[in-house]
>>> print(open('input_37.txt').read())   # compact mmCIF, C-alpha atoms
# COMPACT_ATOMS: atom_id res chain seq x y z
CA MET T 1 -20.66 -3.95 63.27
CA ASN T 2 -22.27 -1.46 60.94
CA GLY T 3 -18.84 -0.10 60.09
CA LYS T 4 -17.54 -3.57 59.24
CA LYS T 5 -20.56 -4.32 57.08
CA LYS T 6 -20.12 -1.03 55.30
CA SER T 7 -16.43 -1.65 54.64
CA VAL T 8 -17.17 -5.17 53.36
CA ALA T 9 -19.89 -3.81 51.06
CA GLU T 10 -17.54 -1.12 49.74
CA ALA T 11 -14.81 -3.70 49.15
CA SER T 12 -17.22 -5.98 47.30
CA THR T 13 -18.45 -3.08 45.17
CA PHE T 14 -14.84 -2.14 44.36
CA VAL T 15 -13.98 -5.71 43.32
CA VAL T 16 -17.09 -6.00 41.14
CA ASN T 17 -16.45 -2.63 39.49
CA ASN T 18 -12.79 -3.51 39.00
CA MET T 19 -13.66 -6.86 37.39
CA LEU T 20 -16.33 -5.23 35.24
CA GLY T 21 -13.85 -2.60 34.12
CA LYS T 22 -11.31 -5.27 33.16
CA VAL T 23 -13.95 -7.20 31.23
CA ILE T 24 -14.91 -4.08 29.28
CA ILE T 25 -11.27 -3.24 28.55
CA TYR T 26 -10.48 -6.77 27.33
CA ALA T 27 -13.66 -6.81 25.23
CA ILE T 28 -12.64 -3.54 23.55
CA LEU T 29 -9.10 -4.84 22.95
CA CYS T 30 -10.40 -8.11 21.48
CA ALA T 31 -12.78 -6.20 19.22
CA GLY T 32 -9.87 -4.04 18.08
CA VAL T 33 -7.76 -7.11 17.29
CA VAL T 34 -10.59 -8.63 15.26
CA ILE T 35 -11.11 -5.39 13.33
CA VAL T 36 -7.40 -5.12 12.53
CA PHE T 37 -6.73 -8.75 11.60
CA ALA T 38 -10.04 -9.69 9.96
CA PRO T 39 -9.15 -8.17 6.54
CA LEU T 40 -5.79 -9.98 6.57
CA PHE T 41 -7.39 -13.34 7.39
CA ILE T 42 -10.03 -12.80 4.70
CA VAL T 43 -7.36 -12.07 2.07
CA ILE T 44 -5.38 -15.18 3.12
CA ASN T 45 -8.56 -17.26 2.98
CA VAL T 46 -9.38 -16.05 -0.54
CA SER T 47 -5.81 -16.53 -1.76
CA LEU T 48 -6.01 -20.28 -1.01
CA LYS T 49 -9.03 -20.81 -3.25
CA SER T 50 -9.29 -21.38 -6.97
CA ASN T 51 -11.19 -18.77 -8.96
CA SER T 52 -14.12 -21.13 -9.55
CA GLU T 53 -14.23 -22.04 -5.86
CA TYR T 54 -14.25 -18.37 -4.94
CA MET T 55 -17.10 -17.64 -7.38
CA MET T 56 -19.14 -20.59 -6.12
CA LYS T 57 -18.63 -20.33 -2.34
CA GLY T 58 -17.78 -16.67 -1.79
CA VAL T 59 -15.35 -14.96 0.56
CA TYR T 60 -16.05 -16.38 3.99
CA SER T 61 -16.13 -20.14 3.33
CA LEU T 62 -12.96 -22.04 4.15
CA PRO T 63 -10.82 -23.25 1.21
CA GLU T 64 -11.09 -26.89 0.18
CA ASN T 65 -7.30 -27.23 0.21
CA ILE T 66 -5.46 -25.03 2.72
CA LEU T 67 -2.14 -26.03 1.11
CA ASN T 68 -3.10 -24.67 -2.29
CA ILE T 69 -0.20 -22.38 -3.26
CA GLN T 70 -0.93 -22.29 -6.99
CA ASN T 71 -2.11 -18.68 -6.78
CA TYR T 72 1.09 -17.66 -5.01
CA VAL T 73 3.31 -19.30 -7.61
CA ARG T 74 1.36 -17.75 -10.45
CA ALA T 75 1.30 -14.32 -8.77
CA PHE T 76 5.04 -14.43 -8.12
CA ILE T 77 5.79 -15.23 -11.77
CA GLU T 78 3.24 -13.00 -13.48
CA GLY T 79 3.89 -10.07 -11.16
CA LYS T 80 7.67 -10.39 -11.68
CA PHE T 81 8.13 -10.07 -7.95
CA LEU T 82 11.68 -11.41 -8.05
CA THR T 83 12.71 -8.38 -10.12
CA GLY T 84 10.54 -6.15 -7.97
CA PHE T 85 12.13 -7.33 -4.73
CA LEU T 86 15.63 -6.96 -6.18
CA ASN T 87 14.98 -3.39 -7.36
CA THR T 88 13.38 -2.49 -4.04
CA GLY T 89 16.41 -3.95 -2.27
CA ILE T 90 18.73 -1.79 -4.37
CA LEU T 91 16.71 1.31 -3.54
CA VAL T 92 16.84 0.48 0.16
CA LEU T 93 20.56 -0.37 0.25
CA VAL T 94 21.57 2.82 -1.57
CA SER T 95 19.00 5.32 -0.32
CA VAL T 96 18.72 4.50 3.38
CA PRO T 97 22.42 4.94 4.35
CA LEU T 98 22.64 8.22 2.43
CA ALA T 99 19.37 9.48 3.94
CA ILE T 100 20.53 8.61 7.46
CA LEU T 101 23.93 10.23 6.89
CA LEU T 102 22.38 13.46 5.63
CA GLY T 103 19.71 13.44 8.34
CA THR T 104 22.18 13.01 11.19
CA MET T 105 24.45 15.72 9.75
CA VAL T 106 21.54 18.15 9.50
CA ALA T 107 20.45 17.33 13.06
CA TYR T 108 24.03 17.72 14.33
CA THR T 109 24.28 21.13 12.67
CA LEU T 110 20.94 22.34 14.02
CA SER T 111 21.70 21.05 17.52
CA ARG T 112 25.34 22.05 17.98
CA PHE T 113 25.94 25.05 15.72
CA ASP T 114 24.74 28.61 16.30
CA PHE T 115 24.42 30.83 13.23
CA LYS T 116 22.20 33.68 12.08
CA LEU T 117 20.03 31.72 9.65
CA LYS T 118 19.49 28.74 11.95
CA ARG T 119 15.79 29.48 12.60
CA ILE T 120 15.13 30.15 8.92
CA ILE T 121 16.75 26.86 7.89
CA LEU T 122 14.80 24.96 10.54
CA LEU T 123 11.63 26.63 9.26
CA ALA T 124 12.60 25.62 5.72
CA PHE T 125 12.56 21.99 6.85
CA LEU T 126 9.20 22.40 8.58
CA ILE T 127 7.30 24.23 5.84
CA PRO T 128 7.35 21.38 3.24
CA THR T 129 5.64 19.08 5.76
CA PHE T 130 2.54 21.28 5.51
CA ILE T 131 2.53 21.34 1.70
CA PRO T 132 0.64 18.47 0.01
CA GLY T 133 3.08 16.36 -1.98
CA MET T 134 0.84 16.32 -5.06
CA THR T 135 1.19 20.10 -5.47
CA VAL T 136 4.91 19.83 -6.23
CA THR T 137 4.70 16.73 -8.42
CA ILE T 138 5.02 18.65 -11.69
CA ALA T 139 8.07 20.59 -10.48
CA THR T 140 9.68 17.41 -9.13
CA PHE T 141 8.97 15.60 -12.39
CA GLN T 142 10.61 18.39 -14.39
CA ILE T 143 13.69 18.28 -12.16
CA ILE T 144 14.00 14.50 -12.52
CA LYS T 145 13.57 14.83 -16.28
CA ALA T 146 16.19 17.60 -16.50
CA LEU T 147 18.67 15.50 -14.54
CA GLY T 148 18.31 12.75 -17.12
CA VAL T 149 17.40 10.07 -14.58
CA TYR T 150 13.73 9.61 -15.50
CA ASN T 151 12.79 5.95 -15.90
CA SER T 152 15.94 4.85 -14.12
CA ILE T 153 16.49 3.58 -10.60
CA MET T 154 18.53 6.72 -9.87
CA ALA T 155 15.30 8.73 -9.89
CA GLY T 156 14.09 6.78 -6.88
CA VAL T 157 17.46 7.01 -5.14
CA ILE T 158 17.58 10.80 -5.51
CA LEU T 159 14.03 11.22 -4.20
CA TYR T 160 14.44 8.79 -1.30
CA ILE T 161 17.69 10.21 0.05
CA GLY T 162 15.87 13.40 0.95
CA THR T 163 15.56 13.49 4.72
CA ASP T 164 12.23 14.17 6.39
CA ILE T 165 11.41 16.25 9.44
CA MET T 166 10.45 13.17 11.49
CA GLN T 167 13.97 11.76 11.21
CA ILE T 168 15.57 15.13 11.93
CA TYR T 169 13.34 15.61 14.96
CA ILE T 170 14.31 12.23 16.40
CA PHE T 171 18.02 12.84 15.78
CA VAL T 172 17.92 16.37 17.26
CA GLN T 173 16.23 15.11 20.44
CA PHE T 174 18.93 12.50 20.94
CA ILE T 175 21.81 14.85 20.14
CA ASN T 176 20.48 17.41 22.61
CA GLN T 177 20.95 14.82 25.36
CA ILE T 178 24.60 14.20 24.52
CA PRO T 179 26.68 16.35 26.90
CA MET T 180 28.47 19.27 25.28
CA ALA T 181 31.45 18.37 27.46
CA LEU T 182 32.20 15.49 25.08
CA ASP T 183 32.43 17.90 22.14
CA GLU T 184 34.59 20.28 24.13
CA SER T 185 36.92 17.47 25.23
CA ALA T 186 37.25 16.33 21.64
CA ARG T 187 38.11 19.85 20.46
CA ILE T 188 40.71 20.19 23.24
CA ASP T 189 42.29 16.97 21.96
CA GLY T 190 42.46 18.49 18.50
CA ALA T 191 39.45 16.79 16.91
CA SER T 192 37.67 18.65 14.13
CA ARG T 193 33.90 19.09 13.92
CA LEU T 194 33.72 16.29 11.37
CA CYS T 195 35.81 13.99 13.55
CA THR T 196 33.59 14.79 16.55
CA TYR T 197 30.51 13.94 14.50
CA PHE T 198 31.81 10.55 13.35
CA ARG T 199 33.54 9.44 16.58
CA ILE T 200 31.27 10.86 19.28
CA ILE T 201 27.86 11.93 17.96
CA LEU T 202 27.15 9.15 15.47
CA PRO T 203 27.86 6.23 17.87
CA GLN T 204 25.52 7.80 20.45
CA LEU T 205 22.69 7.90 17.90
CA LYS T 206 22.41 4.13 17.40
CA PRO T 207 18.86 3.81 18.89
CA ALA T 208 17.59 6.75 16.85
CA ILE T 209 19.32 5.50 13.70
CA ALA T 210 17.77 2.04 14.14
CA THR T 211 14.31 3.61 14.36
CA ALA T 212 14.88 5.88 11.35
CA VAL T 213 16.30 3.02 9.27
CA ILE T 214 13.27 0.81 9.92
CA LEU T 215 10.78 3.58 9.14
CA LYS T 216 12.68 4.50 5.98
CA ILE T 217 12.82 0.89 4.78
CA LEU T 218 9.08 0.45 5.32
CA GLY T 219 8.39 3.77 3.59
CA ILE T 220 10.42 2.83 0.50
CA TYR T 221 9.03 -0.70 0.38
CA ASN T 222 5.40 0.43 0.56
CA ASP T 223 5.75 3.43 -1.76
CA PHE T 224 3.82 3.07 -5.00
CA PHE T 225 3.62 6.67 -6.23
CA THR T 226 7.35 7.40 -6.64
CA PRO T 227 8.20 4.32 -8.77
CA TYR T 228 5.00 4.64 -10.78
CA MET T 229 5.49 8.35 -11.46
CA TYR T 230 9.23 8.73 -11.94
CA MET T 231 10.44 5.29 -13.04
CA PRO T 232 7.47 3.42 -14.54
CA LYS T 233 9.67 0.92 -16.37
CA ILE T 234 11.41 -0.16 -13.16
CA LYS T 235 9.47 -2.88 -11.38
CA THR T 236 9.32 -2.67 -7.58
CA ALA T 237 7.48 -4.70 -4.94
CA ALA T 238 4.70 -2.12 -4.68
CA THR T 239 4.22 -1.63 -8.42
CA GLY T 240 4.18 -5.40 -8.91
CA LEU T 241 0.60 -5.38 -7.64
CA TYR T 242 -0.35 -3.11 -10.52
CA SER T 243 0.21 -6.04 -12.86
CA PHE T 244 -3.00 -7.58 -11.53
CA SER T 245 -5.26 -4.66 -12.34
CA GLY T 246 -7.39 -4.38 -15.47
CA ASP T 247 -8.29 -7.67 -17.09
CA LYS T 248 -7.07 -9.68 -14.08
CA LEU T 249 -9.12 -7.71 -11.57
CA ALA T 250 -11.85 -10.38 -11.59
CA GLU T 251 -9.38 -13.01 -10.35
CA TRP T 252 -9.57 -12.10 -6.68
CA PRO T 253 -7.74 -15.23 -5.44
CA LEU T 254 -4.76 -14.31 -7.64
CA MET T 255 -4.92 -10.68 -6.50
CA SER T 256 -5.14 -11.79 -2.85
CA ALA T 257 -2.07 -13.99 -3.24
CA ALA T 258 -0.14 -11.07 -4.73
CA ILE T 259 -1.20 -8.86 -1.81
CA ILE T 260 0.05 -11.42 0.70
CA LEU T 261 3.37 -11.78 -1.14
CA VAL T 262 3.93 -8.03 -0.88
CA ALA T 263 2.67 -7.77 2.70
CA VAL T 264 4.68 -10.64 4.24
CA PRO T 265 8.11 -8.88 4.25
CA THR T 266 6.58 -5.77 5.84
CA ILE T 267 4.87 -7.82 8.53
CA ILE T 268 8.07 -9.74 9.30
CA ILE T 269 10.10 -6.53 9.55
CA TYR T 270 7.59 -4.90 11.85
CA VAL T 271 7.05 -7.92 14.11
CA PHE T 272 10.75 -8.42 14.80
CA LEU T 273 11.78 -4.76 14.93
CA GLN T 274 8.73 -3.04 16.44
CA LYS T 275 10.47 -2.50 19.79
CA TYR T 276 13.13 -0.40 18.08
CA ILE T 277 10.49 1.72 16.34
CA ILE T 278 8.55 2.36 19.55
CA SER T 279 11.56 2.85 21.82
CA GLY T 280 13.34 5.14 19.38
CA VAL T 281 10.36 7.45 18.94
CA THR T 282 9.33 7.49 22.61
CA ASP T 283 12.89 7.90 23.92
CA GLY T 284 13.47 10.82 21.60
CA ALA T 285 10.19 12.44 22.61
CA VAL T 286 10.70 11.93 26.36
CA LYS T 287 14.28 13.12 26.31
>>> encode(input="input_37.txt", output="structure tokens")
Amino acid sequence: MNGKKKSVAEASTFVVNNMLGKVIIYAILCAGVVIVFAPLFIVINVSLKSNSEYMMKGVYSLPENILNIQNYVRAFIEGKFLTGFLNTGILVLVSVPLAILLGTMVAYTLSRFDFKLKRIILLAFLIPTFIPGMTVTIATFQIIKALGVYNSIMAGVILYIGTDIMQIYIFVQFINQIPMALDESARIDGASRLCTYFRIILPQLKPAIATAVILKILGIYNDFFTPYMYMPKIKTAATGLYSFSGDKLAEWPLMSAAIILVAVPTIIIYVFLQKYIISGVTDGAVK
């Protein structure tokens, strides 16, 4: 009897502790969600108010008219977001395919080829990741100026097609899992290295390419420094927000509407494609 009572007491304690643990976990998760989404909801709330309403009632009161889109229309026109979105789209459509092509070729070379300077070249890709980008701004600016592409969209294209170590790492991890027997079979059939890359390696990299494409698109879309520094006359989605600084800084509803206009495409891309980002990175790391 004592044994049964003891087992029942232990089971009850386990259930209570398990339930308490779940409650704590869900409370932490809910707090995290609130912390993450609260700024977004506040910005949306402010964007639906008129400037006078915002000054009178403050940030946290609900707008009188939740269908008030006047700030969005005004922000879209004054910020020239149509031009900004078009220029950003051009940068993405030109830069991303070239960056992916170069990145996969570099990864293919580092994974499949053996040569004396292989370690040095790999180190050359790693070293810039530890150098702050601001330290090479002057040198980069001089190169862009010497190429004659300053203040043109080509400046952004040239800078964005540079591959980064994150992409190369993901591609190398995937290529390492492709059996060498496929390469050997292709060479026996008379295929060149370039033919093997396009017909065997590249099709196998679709998950990694999808991840790299999404990350690259988000990086270009959210980048403010490159357009502002190297092509200040070219309006992009990120630099469109700069139109609301200075004398318009006091109009927080207008600024909030502009922020939402810029943020919406990023949110949509991430919500629908997040599984490719997570799976691509985790698959490459696990493999």
>>> atom_distance(input="input_37.txt", atom1="CA of Leu202 (chain T)", atom2="CA of Gly162 (chain T)")
18.9 Å
>>> closest_residue(input="input_37.txt", among="T:Lys216, T:Arg199, T:Lys233, T:Arg112", to="Thr266 (chain T)", atoms="all atoms listed in the file")
T:Lys216
>>> residues_around(input="input_37.txt", residues="Ile44 (chain T)", least_positions_apart="5", cutoff="12 Å", atoms="only C-alpha atoms", output="list of chain:residue names")
T:Phe37, T:Ala38, T:Pro39, T:Lys49, T:Val59, T:Tyr60, T:Ser61, T:Leu62, T:Pro63, T:Ile66, T:Leu67, T:Asn68, T:Ile69, T:Asn71, T:Tyr72, T:Trp252, T:Pro253, T:Leu254, T:Met255, T:Ser256, T:Ala257, T:Ala258, T:Ile259, T:Ile260, T:Leu261, T:Ala263, T:Val264
>>> closest_residue(input="input_37.txt", among="T:Thr129, T:Thr236, T:Thr211, T:Ser50", to="Ile100 (chain T)", atoms="only C-alpha atoms")
T:Thr211
>>> residues_around(input="input_37.txt", residues="Phe224 (chain T)", least_positions_apart="4", cutoff="9 Å", atoms="all atoms listed in the file", output="list in words")
Ile220, Tyr228, Met229, Thr236, Ala237, Ala238 and Thr239 of chain T
>>> closest_residue(input="input_37.txt", among="T:Leu241, T:Ile153, T:Met231, T:Met19", to="Val92 (chain T)", atoms="only C-alpha atoms")
T:Ile153
>>> atom_distance(input="input_37.txt", atom1="CA of Val271 (chain T)", atom2="CA of Ala75 (chain T)")
24.4 Å
>>> closest_residue(input="input_37.txt", among="T:Ile234, T:Leu101, T:Ile28, T:Val34", to="Leu86 (chain T)", atoms="only C-alpha atoms")
T:Ile234
>>> atom_distance(input="input_37.txt", atom1="CA of Leu273 (chain T)", atom2="CA of Lys22 (chain T)")
29.4 Å
>>> closest_residue(input="input_37.txt", among="T:Ala124, T:Ile267, T:Phe76, T:Ile35", to="Asn222 (chain T)", atoms="all atoms listed in the file")
T:Ile267
>>> closest_residue(input="input_37.txt", among="T:Ile170, T:Leu117, T:Ile127, T:Leu82", to="Ala210 (chain T)", atoms="only C-alpha atoms")
T:Ile170
>>> residues_around(input="input_37.txt", residues="Ile165 (chain T)", least_positions_apart="2", cutoff="12 Å", atoms="only C-alpha atoms", output="ChimeraX atom specification")
/T:99,102-104,106-107,121-130,162-163,167-172,212
>>> write_last_selection(input="input_37.txt", atoms="C-alpha atoms", output="compact mmCIF listing (two decimals), keeping the file's coordinate frame")
# COMPACT_ATOMS: atom_id res chain seq x y z
CA ALA T 99 19.37 9.48 3.94
CA LEU T 102 22.38 13.46 5.63
CA GLY T 103 19.71 13.44 8.34
CA THR T 104 22.18 13.01 11.19
CA VAL T 106 21.54 18.15 9.50
CA ALA T 107 20.45 17.33 13.06
CA ILE T 121 16.75 26.86 7.89
CA LEU T 122 14.80 24.96 10.54
CA LEU T 123 11.63 26.63 9.26
CA ALA T 124 12.60 25.62 5.72
CA PHE T 125 12.56 21.99 6.85
CA LEU T 126 9.20 22.40 8.58
CA ILE T 127 7.30 24.23 5.84
CA PRO T 128 7.35 21.38 3.24
CA THR T 129 5.64 19.08 5.76
CA PHE T 130 2.54 21.28 5.51
CA GLY T 162 15.87 13.40 0.95
CA THR T 163 15.56 13.49 4.72
CA GLN T 167 13.97 11.76 11.21
CA ILE T 168 15.57 15.13 11.93
CA TYR T 169 13.34 15.61 14.96
CA ILE T 170 14.31 12.23 16.40
CA PHE T 171 18.02 12.84 15.78
CA VAL T 172 17.92 16.37 17.26
CA ALA T 212 14.88 5.88 11.35
>>> axis_aligned_box(input="input_37.txt", around="region 176-185 of chain T", padding_each_side="6 Å", output="lines of an AutoDock Vina configuration file")
center_x = 28.7
center_y = 17.2
center_z = 24.8
size_x = 28.4
size_y = 18.1
size_z = 17.3
>>> residues_around(input="input_37.txt", residues="Ile138 (chain T)", least_positions_apart="6", cutoff="12 Å", atoms="all atoms listed in the file", output="list in words")
Ile144, Lys145, Met229 and Tyr230 of chain T
